[in-house]
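A.B. asks: I'd like to ask some things about the structure below.
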Amino acid sequence: MTSNVAGSGTAPDPWILSTPPGKSDFEAWRDPDGDPPALVVQVGTTQLRYQLRCIEDLHAMLKERGDWVPLGHADEQKPAADGTVEAWGRSAANPVGGWYGLKKGLRGRFGNYVPPVLEALGLAEVEHNARNNRMRAI
């Protein structure tokens, strides 16, 4: 895990992370006992939940591609740009055959909130520019 991340990634001690552009902070933690197990992201009063396996699956996809992948990010109701992490997180071709997000209406923004978790775990490098950020496996 990278040394500049606060928290241990549990509900009582969540990771305190920033979106890739660094404009917003959020909390994230693993809920391995959830049904299904989840990566929980708390943004203000909004809670997003993604299948916990998204961490390993995204890392595997990045390793397979072997290069930088644009993040992209979009709400569930908006289309995701082709070739982005966001598009992969909702694609029928990913390991779960569709959305990693668990709650309809809050399934998007995968490319905004999951990459910082992989970075915190030391699994990926994420760019932190004002826009058009990318990530790659470590």
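Chain identifiers are assigned as A, B, and so on, following the order in which chains appear in the structure tokens; residues are numbered from 1 within each chain, and ligands are numbered from 1 in order of appearance.
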Pick out the residues sitting within 12 Å of A:Asp82, and hand them over as a list in words; count only C-alpha atoms, and ignore anything fewer than 5 positions along from it in its own chain.
C.D. replies: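 Once the nearby chain positions are removed, what remains is Val69, Pro70, Leu71, Gly72, His73, Ala74, Ala87, Trp88, Gly89, Arg90 and Ser91 of chain A.
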A.B. asks: I'd like the contact shell of stretch 16-23 of chain A - 12 Å cut-off, only C-alpha atoms, skipping same-chain residues fewer than 2 positions apart - returned as a ChimeraX atom specification.
C.D. replies: /A:2,4-14,25-29,41-43,70-73,109-121,125-135
A.B. asks: Find the residues around stretch 36-40 of chain A up to 8 Å (only C-alpha atoms counted), leave out those fewer than 3 positions away in its own chain, and share them as a ChimeraX atom specification.
C.D. replies: /A:28-33,47-53
A.B. asks: Keeping only N, CA and C atoms, write those residues as a compact mmCIF listing (two decimals), in the first residue's frame.
C.D. replies:
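Here's the written file again35.txt:
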# COMPACT_ATOMS: atom_id res chain seq x y z
N ALA A 28 -13.30 5.12 1.27
CA ALA A 28 -13.55 3.81 0.66
C ALA A 28 -13.11 2.73 1.63
N TRP A 29 -13.84 1.61 1.58
CA TRP A 29 -13.46 0.46 2.41
C TRP A 29 -14.02 -0.81 1.80
N ARG A 30 -13.42 -1.91 2.23
CA ARG A 30 -13.89 -3.23 1.80
C ARG A 30 -14.99 -3.70 2.76
N ASP A 31 -16.02 -4.29 2.19
CA ASP A 31 -17.08 -4.95 2.98
C ASP A 31 -17.13 -6.40 2.50
N PRO A 32 -16.19 -7.24 2.99
CA PRO A 32 -16.13 -8.62 2.51
C PRO A 32 -17.31 -9.47 2.96
N ASP A 33 -18.05 -9.03 3.99
CA ASP A 33 -19.18 -9.80 4.49
C ASP A 33 -20.51 -9.38 3.87
N GLN A 47 -23.58 6.92 -1.00
CA GLN A 47 -22.78 5.71 -0.90
C GLN A 47 -22.92 4.89 -2.18
N LEU A 48 -21.78 4.62 -2.81
CA LEU A 48 -21.74 3.76 -3.99
C LEU A 48 -21.12 2.44 -3.58
N ARG A 49 -21.59 1.36 -4.17
CA ARG A 49 -21.06 0.03 -3.87
C ARG A 49 -20.75 -0.66 -5.18
N TYR A 50 -19.54 -1.21 -5.25
CA TYR A 50 -19.09 -1.97 -6.41
C TYR A 50 -18.73 -3.38 -5.94
N GLN A 51 -18.89 -4.36 -6.80
CA GLN A 51 -18.49 -5.72 -6.44
C GLN A 51 -17.03 -5.69 -6.02
N LEU A 52 -16.72 -6.29 -4.89
CA LEU A 52 -15.37 -6.24 -4.33
C LEU A 52 -14.34 -6.82 -5.30
N ARG A 53 -14.74 -7.77 -6.08
CA ARG A 53 -13.81 -8.39 -7.03
C ARG A 53 -13.32 -7.41 -8.09
A.B. asks: From stretch 23-129 of chain A, collect each residue whose DSSP state is strand (DSSP E) and return the set as a list in words.
C.D. replies: Asp25, Phe26, Glu27, Ala28, Trp29, Arg30, Asp31, Ala38, Leu39, Val40, Val41, Gln42, Val43, Thr46, Gln47, Leu48, Arg49, Tyr50, Gln51, Val69, Pro70, Ala124, Glu125 and Val126 of chain A
A.B. asks: May I have the selected residues written with C-alpha atoms, as a PDB file, in the first residue's frame?
C.D. replies:
ATOM      1  CA  ASP A  25     -11.990  13.587  -1.251  1.00  0.00           C
ATOM      2  CA  PHE A  26     -13.927  10.425  -0.489  1.00  0.00           C
ATOM      3  CA  GLU A  27     -13.785   7.425   1.813  1.00  0.00           C
ATOM      4  CA  ALA A  28     -13.548   3.812   0.663  1.00  0.00           C
ATOM      5  CA  TRP A  29     -13.465   0.463   2.406  1.00  0.00           C
ATOM      6  CA  ARG A  30     -13.895  -3.235   1.803  1.00  0.00           C
ATOM      7  CA  ASP A  31     -17.077  -4.952   2.978  1.00  0.00           C
ATOM      8  CA  ALA A  38     -18.432  -4.916  -1.885  1.00  0.00           C
ATOM      9  CA  LEU A  39     -16.034  -2.054  -2.250  1.00  0.00           C
ATOM     10  CA  VAL A  40     -17.913   0.783  -0.556  1.00  0.00           C
ATOM     11  CA  VAL A  41     -17.311   4.393  -1.607  1.00  0.00           C
ATOM     12  CA  GLN A  42     -18.723   7.193   0.545  1.00  0.00           C
ATOM     13  CA  VAL A  43     -18.927  10.587  -1.165  1.00  0.00           C
ATOM     14  CA  THR A  46     -23.949   9.294  -1.164  1.00  0.00           C
ATOM     15  CA  GLN A  47     -22.777   5.706  -0.896  1.00  0.00           C
ATOM     16  CA  LEU A  48     -21.744   3.765  -3.994  1.00  0.00           C
ATOM     17  CA  ARG A  49     -21.058   0.034  -3.871  1.00  0.00           C
ATOM     18  CA  TYR A  50     -19.086  -1.971  -6.406  1.00  0.00           C
ATOM     19  CA  GLN A  51     -18.489  -5.720  -6.444  1.00  0.00           C
ATOM     20  CA  VAL A  69      -5.669   3.113 -20.077  1.00  0.00           C
ATOM     21  CA  PRO A  70      -7.770   6.311 -19.973  1.00  0.00           C
ATOM     22  CA  ALA A 124      -1.602   0.715 -10.197  1.00  0.00           C
ATOM     23  CA  GLU A 125      -0.189   4.073 -11.103  1.00  0.00           C
ATOM     24  CA  VAL A 126      -2.797   6.796 -11.668  1.00  0.00           C
TER      25      VAL A 126
END
A.B. asks: Using atom CA of A:Asn94 and atom CA of A:Trp15 as the two end points, give the distance in Å to one decimal.
C.D. replies: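 Between these atoms lies a distance of 26.0 Å.
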A.B. asks: So the first atom is atom CA of A:Ala93 and the second is atom CA of A:Leu58; what is the distance between them in Å, to one decimal place?
C.D. replies: 12.6 Å
A.B. asks: Rounded to one decimal place, report the atom CA of A:Asp67-atom CA of A:Gly101 distance in Å.
C.D. replies: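 Between atom CA of A:Asp67 and atom CA of A:Gly101 the gap is 24.7 Å.
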